[in-house]
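Written out below as structure tokens is the structure these notes cover.
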Amino acid sequence: MTNIAYQGEIRFSRYLDAAGQPVTELPGWAESPEILVEYYRQMTLARQFDTKAIALQRTGQLGTYPSLLGSEAIDIPTASLMHGEDVLIPYYRNHAMQVMRGSDWRDVLLYWGGDERGSANPAQRQDLPNCVPIATQCLHACGVATAFRIRGEKRVAVTLCGDGATSKGDFLEALNVAGTWQLPLVFIVNNNQWAISVPRAMQCGAPTLAQKAIGAGIRGEQVDGNDVIAVHEAVALALERARGGKGPSLIEAISYRLSDHTTADDATRYRSGDELKAGWEQEPVKRLRNYLHGRGWWNEDLEQAWQTEVSKRIQQAVDDYLATPVDDPGAMFDHLYAELPPQLVAQRERVCARAETRRQQRQG
Amino acid sequence: MTNIAYQGEIRFSRYLDAAGQPVTELPGWAESPEILVEYYRQMTLARQFDTKAIALQRTGQLGTYPSLLGSEAIDIPTASLMHGEDVLIPYYRNHAMQVMRGSDWRDVLLYWGGDERGSANPAQRQDLPNCVPIATQCLHACGVATAFRIRGEKRVAVTLCGDGATSKGDFLEALNVAGTWQLPLVFIVNNNQWAISVPRAMQCGAPTLAQKAIGAGIRGEQVDGNDVIAVHEAVALALERARGGKGPSLIEAISYRLSDHTTADDATRYRSGDELKAGWEQEPVKRLRNYLHGRGWWNEDLEQAWQTEVSKRIQQAVDDYLATPVDDPGAMFDHLYAELPPQLVAQRERVCARAETRRQQRQG
Amino acid sequence: MNESITLVEAVNLALAHEMAADKDVVLLGEDIGVNGGVFRATVDLLERFGPRRVMDTPLAENLIAGLAVGLSTQGLRPVAEIQFMGFIFPVMEQIISHAARMRNRTRGRLSCPLVVRAPFGGGIHAPEHHSESTEALLAQIPGLRVVIPSSPARAYGLLLAAIRSPDPVIFLEPKRIYRAVKQPVEDNGQALPLDTCFTLREGSDITLISWGAMVKETLEAADELAQQGLSCEVIDVATLNLMDQDTLLASVGKTGRAVIVHEAPGHGGMGAEIAATLSERGLLDLQAPIARVTGYDTVMPYYRLEHHYLPRAADIVDAARQTLEFA
Amino acid sequence: MNESITLVEAVNLALAHEMAADKDVVLLGEDIGVNGGVFRATVDLLERFGPRRVMDTPLAENLIAGLAVGLSTQGLRPVAEIQFMGFIFPVMEQIISHAARMRNRTRGRLSCPLVVRAPFGGGIHAPEHHSESTEALLAQIPGLRVVIPSSPARAYGLLLAAIRSPDPVIFLEPKRIYRAVKQPVEDNGQALPLDTCFTLREGSDITLISWGAMVKETLEAADELAQQGLSCEVIDVATLNLMDQDTLLASVGKTGRAVIVHEAPGHGGMGAEIAATLSERGLLDLQAPIARVTGYDTVMPYYRLEHHYLPRAADIVDAARQTLEFA
Ligand SMILES: Cc1ncc(C[n+]2csc(CCOP(=O)(O)OP(=O)(O)O)c2C)c(N)n1
Ligand SMILES: Cc1ncc(C[n+]2csc(CCOP(=O)(O)OP(=O)(O)O)c2C)c(N)n1
Ligand SMILES: [Mg+2]
Ligand SMILES: [Mg+2]
């Protein structure tokens, strides 16, 4: 005797093709300019920032920096659709989302410039800071969502990670508890095809990463992560379901990492120029611009004006960053515990005194 | 535009119902007595051992012991179908499998009697010993299977775990790498409905545990773990596929933990008598006995003779165990490294000297 | 009247007290709900406080730690149980890389006021991996506190302090003495100070320093030495990180001699840190080398040999006598 | 002629040598294949030895460790790379509970001759979690060896020894000096002994004890002190578990004074174990307290402050002078 104990599927959706042409009927909101033009502005802003950050790194003014190039169509609608009281649990590539939710581009530069104050902006409220140890943030997201459940709040936790992260137990444990407890939580996998030098196919033998949701008993779907409309639709639905008590979702957004992994990486070592070229053909900003142009919602004049504005804003952030003096060395003790323990007072004094001595030696 | 990116299902199979009546056409081998009678012998032997071990624990002659009651129909065909050169990576409940593969019931008692020599039997060759930290053995199994792949050997690694273990990242990481690398590996989940006091439904929101295979891109199926024929069929196929280079499988065998979690547990605290009674109605030994009786392959005389034989064998193992003198305290140093490092020589001498002093004090 | 209760009952009492007093306190772990914990430390709490605040998790320690981190960033006060210290390794990434760093990382914007409880130590004839003492793995981590009670009253007061602490605390419970002694404990909500040693007995000839279950043998050794006319100061370190060095130094300043006793292997154990600090800051006071009486530098043996592994009162007496006889 | 190579090139050379010599040696890790490792330690090895022996794994450190355990029980000699020591925590359960115990658990029937390599330490302006030194977490585990080279030649010889060791070895590579100096290294397949300190410089006034990248500053301090007329013995401990106490004791027996230098936080660091052992076994020889020059007991700061965190030669000189001036 054989029964079917489970049956399911994973769907992939896309609205705009690589040229920005609709391939299907668009949702109502995409038939008017407000949201999409704003997305376009944010996406190009993010991209300009990215270019600037890489330039700063190349000139020794910033540390190792992970580019967001190619993830704009995932990050922007997601941050935009979240409510203020929701909580973002980002990974290390979601700079634009953090800024959209209260942080400042200067903070992003501070963080990657080696200064803890980059995660200290009170405007970020309870959003979690950058998370470097892969996939560990997915469990924080479950804790955050559990806090909402305990308090009976209608808030949603949103967390992101890469394709590589889906191999780490943390991600899988997180999906599992989210399903078991039906947490108000949205998981977004930015499947940009590479985890540093390891291609997607070497992470997992399944045809989609979204199907990892199946084992956890949660909704999973795949979207074209270069298509801002597809991402918007999937995220909006997932947020609505989570907020309405209908449980968590996993969204796999198919994108392409157009940059090196970080500025410390050289992707030419392990991937072909042809592949990269194909990636650029799918890229999200041009796709959206084409669509906007086609609708007459955007044009060269608007672009020029916006670019000027963007440059100004980014230059301001860079200036602020560069003008931020290095923190006092004693700061490494000041937030280790809520209060400086007496055991550490002498060490704090020592690090300050040594710094002072060296300063004087340099000057004298 | 929406495509179906993945579609799949999980099947459940059963051949004998709770009364031992076929519910479908049986496989050819189950139409003759050889294999099934041998399974019956092994299952009843295991169960007798279990009763004895619990009695030893209750009388202070054995440490905490995890009963195998209810898992006989999973363990026996699996151990029986494995080839000698395959490698078993067991969890802490697979006593009978270890014995069938070369260990001795005395070794099982030694292990649970607090003596490392219980895992030292050279007849176990490269089989791994008991694994207590939940699910960690699943990764060892991947390593073992990778060793076969590296060496081009047609051997299979077989690992088991409980339903609770499927929540731990280790299990999920193991499934994932097994799928990515198409390892010659069989995962068997003994879903006995409980992880100590936590019921299956509180581990995972999905209807089956087998569907965790889907996210890893490997075969998954569910079988009635109280039905030795269903288990045999699933394991035989999985072993054949693995040996033939067709990749790994996950088998979820639905059973019921008829005992307390271990002798240190009292399951009446957290589960109902009714549920336990229902569990006994499904139990594997009676089911098989009924089938054998129905076919005329087994009867009371055979049962009597076999029980006498079983009692003798188990008593021998118990006698051997009880006659094994406690190891020398210096033994805790002797296999820590391949050779005793000079740094530890003095410590080894000290533990022996202290033991000797105390022995003399007790006697004097 | 205060009832006499065991250490594990005191843990339960403190949890119940703080859950009643502060609705943000929530519990999570394996088998802590209906089952009340495999050692019964959380018994009745599910019934009293409901499943939103007493959460049996899926079986994954890393998950438990990660949930606690997430919960605590949102202002809750999670108290996580790890069933045995032998299964604490999967929590290390979350505790070291996140719990201990969140406040520093965000310069105080977020913090992780969480507690991880775990029973630890040998001597109860448990299976493999159920008898470890690896407190040194955690007590060396900046940003954490590691607290170990050695009596019912201290378990109650220190656990309250741990839960109320604005910083993450690892609270290790010596399971060998979970039920060894009873002591009257008043359920008055009074926390004990963290970061303080407890001087259990004053003395002048030698300082015996210990924590957890070994405090029992250490006190027995002090009794034995007293019969031999030797006066021992006995100190329960209680908080291993951040440690109260001043009390230890003052005592050794007085006695000039010290024996440190712990169950974990000696090599790299917290006894090393204490001995190093006392030698560094108090060398001139020392009249003899500081001795360490510890578990051997080997894997915890299965239970047939564990009594050979665990330090005994007689070993402490021997070490103290040698220290006292040092010219 | 022997080419002059860097430390990371010496690692590569040792791996290549041993893979050619022993077909059971296999590599696994993240980005070790086509990419040759994020620090290029495994460059060209995939090409030379093929994908069966040079395995890029899915992204999971616990997986890497568990695979290595399984592989090694079957007689292979896996060398696993953990990309940065800040990501080593997920391997702890597998390494502590299995790799370090398999031989003991089976009384020699099975064993885990594996190596876990990881770059460690600060000073390269890396992002968060890329600069940690947590060697004490591993060096306290019975059943493991923890080995740290401090020069290209020692990297080559010690790594060969680690791979050939019948027991598990954690091999920590000081990334700050991955490319700091070049040294001629002959690819002769000669392993160096494990469990032995290396005396890098003989001296009579004071013993400076260090390992890893800090050996550089320690030698600089010795130079500086030499200019002041003071003779330093400089010892690279190299193997932290099991440690060569005899060499250390003999040196301190000679000099009577010691400074221990490491980058990890002082509290609970391996400096504590060395100081405690030297004080315990060599108290009568000591003419001054043993000083520790270490990282602070705080989280490794992000890179703008890391130069304040890392001990400097001047700090070592100061500590040595204070030790020498101790009455
Ligand atoms: C636990 C851990 N292991 C290794 C690393 C080093 N590392 C940083 S990013 C990365 C690849 C991540 O790939 P993916 O998850 O696909 O995200 P992407 O960077 O492509 O967006 C690795 C291995 C890390 N940060 N954390
Ligand atoms: C890592 C780890 N955490 C906790 C435990 C304690 N423990 C032992 S068995 C068990 C439940 C296991 O349940 P399941 O996987 O369903 O297997 P079963 O015992 O039911 O066969 C737990 C929590 C452990 N052994 N290892
Ligand atoms: Mg990626
Ligand atoms: Mg179970």
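Going by the structure tokens order, chains are called A, B, ..., each with residues numbered from 1, while ligands are numbered from 1 in the order shown.
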
7 Å from ligand 1 is the threshold here; counting only C-alpha atoms and all ligand atoms, which polymer residues fall inside it? Answer as an mmCIF file with all heavy atoms, in the first residue's frame.
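Contents of out_5.cif, freshly written:
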data_model
loop_
_atom_site.group_PDB
_atom_site.id
_atom_site.type_symbol
_atom_site.label_atom_id
_atom_site.label_comp_id
_atom_site.auth_asym_id
_atom_site.auth_seq_id
_atom_site.Cartn_x
_atom_site.Cartn_y
_atom_site.Cartn_z
ATOM 1 N N ARG A 93 25.148 42.587 3.440
ATOM 2 C CA ARG A 93 25.097 43.224 2.133
ATOM 3 C C ARG A 93 23.929 44.199 2.016
ATOM 4 O O ARG A 93 23.730 44.808 0.972
ATOM 5 C CB ARG A 93 24.970 42.117 1.057
ATOM 6 C CG ARG A 93 25.855 42.313 -0.152
ATOM 7 C CD ARG A 93 25.707 41.180 -1.159
ATOM 8 N NE ARG A 93 26.692 40.126 -1.034
ATOM 9 C CZ ARG A 93 27.983 40.246 -1.329
ATOM 10 N NH1 ARG A 93 28.463 41.385 -1.763
ATOM 11 N NH2 ARG A 93 28.792 39.220 -1.178
ATOM 12 N N VAL A 132 27.877 39.275 10.400
ATOM 13 C CA VAL A 132 28.947 38.699 9.582
ATOM 14 C C VAL A 132 28.991 37.173 9.636
ATOM 15 O O VAL A 132 29.168 36.533 8.598
ATOM 16 C CB VAL A 132 30.301 39.340 9.966
ATOM 17 C CG1 VAL A 132 31.471 38.600 9.336
ATOM 18 C CG2 VAL A 132 30.317 40.818 9.541
ATOM 19 N N PRO A 133 28.839 36.561 10.806
ATOM 20 C CA PRO A 133 28.893 35.080 10.804
ATOM 21 C C PRO A 133 27.671 34.522 10.065
ATOM 22 O O PRO A 133 26.515 34.724 10.478
ATOM 23 C CB PRO A 133 28.868 34.709 12.293
ATOM 24 C CG PRO A 133 29.304 35.977 13.002
ATOM 25 C CD PRO A 133 28.739 37.093 12.167
ATOM 26 N N ILE A 134 27.952 33.852 8.992
ATOM 27 C CA ILE A 134 26.910 33.484 8.031
ATOM 28 C C ILE A 134 25.730 32.782 8.701
ATOM 29 O O ILE A 134 25.896 31.849 9.477
ATOM 30 C CB ILE A 134 27.501 32.538 6.957
ATOM 31 C CG1 ILE A 134 28.603 33.235 6.170
ATOM 32 C CG2 ILE A 134 26.420 32.009 6.014
ATOM 33 C CD1 ILE A 134 28.174 34.322 5.258
ATOM 34 N N CYS A 161 19.570 36.644 3.704
ATOM 35 C CA CYS A 161 20.849 35.948 3.672
ATOM 36 C C CYS A 161 21.156 35.581 2.226
ATOM 37 O O CYS A 161 20.333 35.794 1.342
ATOM 38 C CB CYS A 161 20.833 34.699 4.554
ATOM 39 S SG CYS A 161 19.750 33.399 3.978
ATOM 40 N N GLY A 162 22.335 35.029 2.011
ATOM 41 C CA GLY A 162 22.734 34.654 0.662
ATOM 42 C C GLY A 162 22.455 33.189 0.356
ATOM 43 O O GLY A 162 21.996 32.434 1.223
ATOM 44 N N ASP A 163 22.745 32.780 -0.861
ATOM 45 C CA ASP A 163 22.563 31.387 -1.244
ATOM 46 C C ASP A 163 23.488 30.471 -0.453
ATOM 47 O O ASP A 163 23.095 29.387 -0.024
ATOM 48 C CB ASP A 163 22.780 31.190 -2.750
ATOM 49 C CG ASP A 163 23.998 31.926 -3.285
ATOM 50 O OD1 ASP A 163 24.131 33.141 -3.025
ATOM 51 O OD2 ASP A 163 24.838 31.302 -3.958
ATOM 52 N N GLY A 164 24.712 30.920 -0.228
ATOM 53 C CA GLY A 164 25.625 30.096 0.563
ATOM 54 C C GLY A 164 25.092 29.835 1.956
ATOM 55 O O GLY A 164 25.234 28.733 2.497
ATOM 56 N N ALA A 165 24.465 30.841 2.517
ATOM 57 C CA ALA A 165 23.964 30.730 3.885
ATOM 58 C C ALA A 165 22.928 29.631 4.046
ATOM 59 O O ALA A 165 22.731 29.109 5.150
ATOM 60 C CB ALA A 165 23.373 32.071 4.318
ATOM 61 N N THR A 166 22.278 29.245 2.957
ATOM 62 C CA THR A 166 21.222 28.236 3.080
ATOM 63 C C THR A 166 21.778 26.854 3.386
ATOM 64 O O THR A 166 21.019 25.940 3.693
ATOM 65 C CB THR A 166 20.367 28.147 1.794
ATOM 66 O OG1 THR A 166 21.182 27.660 0.723
ATOM 67 C CG2 THR A 166 19.784 29.504 1.421
ATOM 68 N N ASN A 190 18.813 36.016 -0.944
ATOM 69 C CA ASN A 190 19.368 36.666 -2.123
ATOM 70 C C ASN A 190 20.279 35.649 -2.810
ATOM 71 O O ASN A 190 21.463 35.549 -2.491
ATOM 72 C CB ASN A 190 20.141 37.923 -1.702
ATOM 73 C CG ASN A 190 20.881 38.562 -2.876
ATOM 74 O OD1 ASN A 190 20.838 38.066 -4.000
ATOM 75 N ND2 ASN A 190 21.576 39.654 -2.609
ATOM 76 N N ASN A 191 19.700 34.902 -3.725
ATOM 77 C CA ASN A 191 20.481 33.887 -4.443
ATOM 78 C C ASN A 191 21.194 34.559 -5.609
ATOM 79 O O ASN A 191 20.682 34.624 -6.720
ATOM 80 C CB ASN A 191 19.565 32.767 -4.931
ATOM 81 C CG ASN A 191 20.329 31.753 -5.787
ATOM 82 O OD1 ASN A 191 21.529 31.906 -6.013
ATOM 83 N ND2 ASN A 191 19.632 30.739 -6.260
ATOM 84 N N ASN A 192 22.390 35.042 -5.298
ATOM 85 C CA ASN A 192 23.168 35.756 -6.317
ATOM 86 C C ASN A 192 24.154 34.825 -7.012
ATOM 87 O O ASN A 192 25.124 35.266 -7.624
ATOM 88 C CB ASN A 192 23.863 36.987 -5.702
ATOM 89 C CG ASN A 192 24.877 36.603 -4.647
ATOM 90 O OD1 ASN A 192 25.207 35.429 -4.482
ATOM 91 N ND2 ASN A 192 25.387 37.588 -3.923
ATOM 92 N N GLN A 193 23.927 33.535 -6.895
ATOM 93 C CA GLN A 193 24.637 32.486 -7.649
ATOM 94 C C GLN A 193 26.024 32.141 -7.123
ATOM 95 O O GLN A 193 26.608 31.144 -7.549
ATOM 96 C CB GLN A 193 24.756 32.827 -9.150
ATOM 97 C CG GLN A 193 23.474 33.313 -9.787
ATOM 98 C CD GLN A 193 22.323 32.344 -9.618
ATOM 99 O OE1 GLN A 193 22.514 31.138 -9.604
ATOM 100 N NE2 GLN A 193 21.106 32.864 -9.425
ATOM 101 N N TRP A 194 26.557 32.953 -6.224
ATOM 102 C CA TRP A 194 27.909 32.705 -5.749
ATOM 103 C C TRP A 194 28.003 32.932 -4.249
ATOM 104 O O TRP A 194 27.395 33.857 -3.725
ATOM 105 C CB TRP A 194 28.922 33.640 -6.454
ATOM 106 C CG TRP A 194 29.076 33.315 -7.896
ATOM 107 C CD1 TRP A 194 28.363 33.842 -8.932
ATOM 108 C CD2 TRP A 194 29.961 32.334 -8.457
ATOM 109 N NE1 TRP A 194 28.751 33.272 -10.123
ATOM 110 C CE2 TRP A 194 29.744 32.333 -9.858
ATOM 111 C CE3 TRP A 194 30.928 31.473 -7.934
ATOM 112 C CZ2 TRP A 194 30.444 31.503 -10.730
ATOM 113 C CZ3 TRP A 194 31.628 30.640 -8.799
ATOM 114 C CH2 TRP A 194 31.385 30.665 -10.183
ATOM 115 N N ALA A 195 28.773 32.107 -3.600
ATOM 116 C CA ALA A 195 29.178 32.324 -2.213
ATOM 117 C C ALA A 195 30.694 32.438 -2.267
ATOM 118 O O ALA A 195 31.396 31.426 -2.346
ATOM 119 C CB ALA A 195 28.739 31.166 -1.332
ATOM 120 N N ILE A 196 31.173 33.654 -2.279
ATOM 121 C CA ILE A 196 32.547 33.930 -2.682
ATOM 122 C C ILE A 196 32.787 33.163 -3.997
ATOM 123 O O ILE A 196 32.137 33.493 -4.997
ATOM 124 C CB ILE A 196 33.603 33.633 -1.582
ATOM 125 C CG1 ILE A 196 33.183 34.330 -0.237
ATOM 126 C CG2 ILE A 196 34.973 34.186 -2.016
ATOM 127 C CD1 ILE A 196 34.234 34.244 0.878
ATOM 128 N N ARG A 257 25.403 38.275 -8.544
ATOM 129 C CA ARG A 257 26.366 39.147 -7.880
ATOM 130 C C ARG A 257 27.239 39.792 -8.947
ATOM 131 O O ARG A 257 28.163 39.164 -9.476
ATOM 132 C CB ARG A 257 27.221 38.334 -6.894
ATOM 133 C CG ARG A 257 27.919 39.184 -5.830
ATOM 134 C CD ARG A 257 28.967 38.375 -5.092
ATOM 135 N NE ARG A 257 30.122 38.141 -5.932
ATOM 136 C CZ ARG A 257 30.941 37.096 -5.843
ATOM 137 N NH1 ARG A 257 30.734 36.166 -4.944
ATOM 138 N NH2 ARG A 257 31.974 36.985 -6.667
ATOM 139 N N HIS A 261 33.093 39.414 -4.629
ATOM 140 C CA HIS A 261 32.413 39.121 -3.355
ATOM 141 C C HIS A 261 32.513 40.316 -2.407
ATOM 142 O O HIS A 261 31.509 40.781 -1.866
ATOM 143 C CB HIS A 261 33.009 37.876 -2.700
ATOM 144 C CG HIS A 261 32.532 37.671 -1.304
ATOM 145 N ND1 HIS A 261 31.229 37.361 -1.000
ATOM 146 C CD2 HIS A 261 33.173 37.783 -0.115
ATOM 147 C CE1 HIS A 261 31.087 37.277 0.307
ATOM 148 N NE2 HIS A 261 32.248 37.527 0.869
ATOM 149 N N GLU D 30 36.008 26.002 2.580
ATOM 150 C CA GLU D 30 35.260 26.954 1.759
ATOM 151 C C GLU D 30 36.241 27.726 0.869
ATOM 152 O O GLU D 30 37.216 28.288 1.388
ATOM 153 C CB GLU D 30 34.485 27.929 2.664
ATOM 154 C CG GLU D 30 33.413 27.210 3.494
ATOM 155 C CD GLU D 30 32.948 28.005 4.712
ATOM 156 O OE1 GLU D 30 33.362 29.170 4.881
ATOM 157 O OE2 GLU D 30 32.183 27.432 5.508
ATOM 158 N N LEU D 59 28.604 25.787 2.459
ATOM 159 C CA LEU D 59 29.061 26.763 3.466
ATOM 160 C C LEU D 59 28.567 26.393 4.870
ATOM 161 O O LEU D 59 27.477 26.802 5.269
ATOM 162 C CB LEU D 59 28.538 28.145 3.061
ATOM 163 C CG LEU D 59 29.280 29.357 3.621
ATOM 164 C CD1 LEU D 59 28.750 30.631 2.998
ATOM 165 C CD2 LEU D 59 29.291 29.449 5.108
ATOM 166 N N ALA D 60 29.359 25.628 5.587
ATOM 167 C CA ALA D 60 28.959 25.244 6.945
ATOM 168 C C ALA D 60 30.165 24.658 7.663
ATOM 169 O O ALA D 60 30.647 23.579 7.297
ATOM 170 C CB ALA D 60 27.811 24.235 6.911
ATOM 171 N N GLU D 61 30.635 25.364 8.650
ATOM 172 C CA GLU D 61 31.843 24.930 9.359
ATOM 173 C C GLU D 61 31.608 23.648 10.150
ATOM 174 O O GLU D 61 32.493 22.791 10.259
ATOM 175 C CB GLU D 61 32.347 26.030 10.296
ATOM 176 C CG GLU D 61 33.035 27.191 9.577
ATOM 177 C CD GLU D 61 32.083 28.099 8.825
ATOM 178 O OE1 GLU D 61 30.862 28.024 9.041
ATOM 179 O OE2 GLU D 61 32.568 28.904 7.998
ATOM 180 N N GLN D 83 37.835 29.308 7.345
ATOM 181 C CA GLN D 83 38.306 30.490 6.627
ATOM 182 C C GLN D 83 38.932 31.555 7.543
ATOM 183 O O GLN D 83 39.943 32.165 7.187
ATOM 184 C CB GLN D 83 37.157 31.085 5.819
ATOM 185 C CG GLN D 83 37.580 31.834 4.604
ATOM 186 C CD GLN D 83 36.438 31.973 3.617
ATOM 187 O OE1 GLN D 83 35.512 32.736 3.827
ATOM 188 N NE2 GLN D 83 36.495 31.230 2.532
ATOM 189 N N PHE D 87 35.219 32.147 12.783
ATOM 190 C CA PHE D 87 34.108 31.272 12.375
ATOM 191 C C PHE D 87 34.357 29.829 12.801
ATOM 192 O O PHE D 87 33.801 28.888 12.242
ATOM 193 C CB PHE D 87 33.893 31.367 10.859
ATOM 194 C CG PHE D 87 33.791 32.787 10.377
ATOM 195 C CD1 PHE D 87 34.577 33.257 9.346
ATOM 196 C CD2 PHE D 87 32.911 33.670 11.002
ATOM 197 C CE1 PHE D 87 34.496 34.589 8.923
ATOM 198 C CE2 PHE D 87 32.827 34.998 10.592
ATOM 199 C CZ PHE D 87 33.620 35.459 9.549
#

Practice task
Please identify every residue of chain B that has at least one atom no more than 6 Å from any atom of chain D, counting only C-alpha atoms, and report them as a count of residues only.
Solution key: 12

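Within 6 Å of chain C, chain D contributes the residues Phe89, Met92, Glu93, Leu137, Gln140, Pro142, His267, Gly268, Ala272, Glu273, Ala275, Ala276, Glu280, Leu283, Pro289, Ile290, Asp297, Thr298 and Val299 of chain D, using only C-alpha atoms.
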
Mind writing the picked residues with C-alpha atoms as an mmCIF file, in the first residue's frame?
data_model
loop_
_atom_site.group_PDB
_atom_site.id
_atom_site.type_symbol
_atom_site.label_atom_id
_atom_site.label_comp_id
_atom_site.auth_asym_id
_atom_site.auth_seq_id
_atom_site.Cartn_x
_atom_site.Cartn_y
_atom_site.Cartn_z
ATOM 1 C CA PHE D 89 32.898 28.083 16.922
ATOM 2 C CA MET D 92 33.706 22.943 18.477
ATOM 3 C CA GLU D 93 31.124 20.238 19.091
ATOM 4 C CA LEU D 137 39.348 27.590 23.664
ATOM 5 C CA GLN D 140 42.491 23.337 26.875
ATOM 6 C CA PRO D 142 42.300 16.927 26.144
ATOM 7 C CA HIS D 267 41.918 36.489 31.296
ATOM 8 C CA GLY D 268 41.753 32.745 30.784
ATOM 9 C CA ALA D 272 47.630 31.983 32.462
ATOM 10 C CA GLU D 273 48.363 28.276 32.153
ATOM 11 C CA ALA D 275 52.345 31.414 34.278
ATOM 12 C CA ALA D 276 50.555 29.088 36.669
ATOM 13 C CA GLU D 280 53.797 26.040 40.515
ATOM 14 C CA LEU D 283 58.478 29.155 42.254
ATOM 15 C CA PRO D 289 56.298 37.722 39.225
ATOM 16 C CA ILE D 290 55.718 36.406 35.757
ATOM 17 C CA ASP D 297 39.874 41.518 28.259
ATOM 18 C CA THR D 298 37.524 42.995 25.740
ATOM 19 C CA VAL D 299 36.067 42.086 22.392
#

Practice task
Fewer than 6 positions away in the same chain doesn't count, so skip those; otherwise give me all residues within 12 Å of A:Ile218, counting only C-alpha atoms, as a VMD selection string.
Solution key: (chain A and resid 8 to 10 172 174 to 187 210 to 212 238 241 to 242 246 to 251) or (chain B and resid 204 to 207 211 to 212 215)

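You will find atom CA of C:Pro152 at 18.8 Å from atom CA of C:Asp44.
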
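Of note, atom CA of B:Phe49 and atom CA of B:Trp105 are spaced 7.9 Å apart.
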
Practice task
Considering only C-alpha atoms, return as a list of chain:residue names whatever protein or nucleic-acid residues lie within 10 Å of stretch 97-99 of chain B, sequence-local ones (same chain, fewer than 3 positions apart) excluded.
Solution key: B:Gln42, B:Ala46, B:Glu72, B:Ile74, B:Asp75, B:Ile76, B:Pro77, B:Thr78, B:Ala79, B:Ser80, B:Leu88, B:Ile89, B:Pro90, B:Arg93, B:Asn94, B:Gly102, B:Ser103, B:Asp104, B:Trp105, B:Arg106, B:Asp107, B:Val108, B:Ser119, B:Ala123, B:Gln124, B:Asp127, B:Leu128, B:Pro129, B:Asn130

Practice task
Can you list, as a ChimeraX atom specification, all residues belonging to stretch 135-295 of chain C that DSSP tags as strand (DSSP E)?
Solution key: /C:145-147,169-174,183-184,198-201,206-210,232-236,239-241,258-265,291-295

Problem - All residues 7 Å or closer to C:Pro311, only C-alpha atoms, same chain fewer than 5 positions away omitted, as a ChimeraX atom specification - result: /C:263,293-295

Handout entry: D:Met214 surroundings by only C-alpha atoms, 9 Å radius, close-in-sequence under 4 positions cut, as a ChimeraX atom specification
Key = /D:150,174,210,218-219,261-263,310-313

Write the selection just made, keeping N, CA and C atoms, as a short mmCIF file (atom, residue, chain, number, x, y, z; two decimals), in the first residue's frame?
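As a result, result05.cif now contains:
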data_model
loop_
_atom_site.label_atom_id
_atom_site.label_comp_id
_atom_site.auth_asym_id
_atom_site.auth_seq_id
_atom_site.Cartn_x
_atom_site.Cartn_y
_atom_site.Cartn_z
N SER D 150 55.39 30.26 13.65
CA SER D 150 55.69 31.70 13.67
C SER D 150 56.73 32.09 12.63
N PRO D 174 49.10 32.43 11.88
CA PRO D 174 49.07 33.85 12.23
C PRO D 174 49.04 34.71 10.96
N SER D 210 56.37 33.43 23.78
CA SER D 210 55.28 33.87 22.92
C SER D 210 54.95 32.80 21.90
N THR D 218 57.94 40.20 19.94
CA THR D 218 58.74 39.71 21.06
C THR D 218 60.23 39.76 20.69
N LEU D 219 60.53 39.38 19.47
CA LEU D 219 61.93 39.46 19.02
C LEU D 219 62.39 40.92 18.92
N VAL D 261 53.80 36.63 26.25
CA VAL D 261 53.20 37.58 25.30
C VAL D 261 52.21 36.87 24.41
N HIS D 262 50.97 37.28 24.45
CA HIS D 262 50.04 36.79 23.42
C HIS D 262 49.00 37.84 23.10
N GLU D 263 48.36 37.61 21.98
CA GLU D 263 47.44 38.60 21.43
C GLU D 263 46.04 38.44 22.01
N LEU D 310 46.31 45.49 20.05
CA LEU D 310 47.41 44.53 19.90
C LEU D 310 48.62 44.95 20.73
N PRO D 311 49.20 44.03 21.47
CA PRO D 311 50.43 44.36 22.22
C PRO D 311 51.53 44.79 21.26
N ARG D 312 52.36 45.69 21.73
CA ARG D 312 53.48 46.15 20.91
C ARG D 312 54.81 45.79 21.55
N ALA D 313 55.83 45.92 20.75
CA ALA D 313 57.18 45.64 21.28
C ALA D 313 57.44 46.52 22.49
#
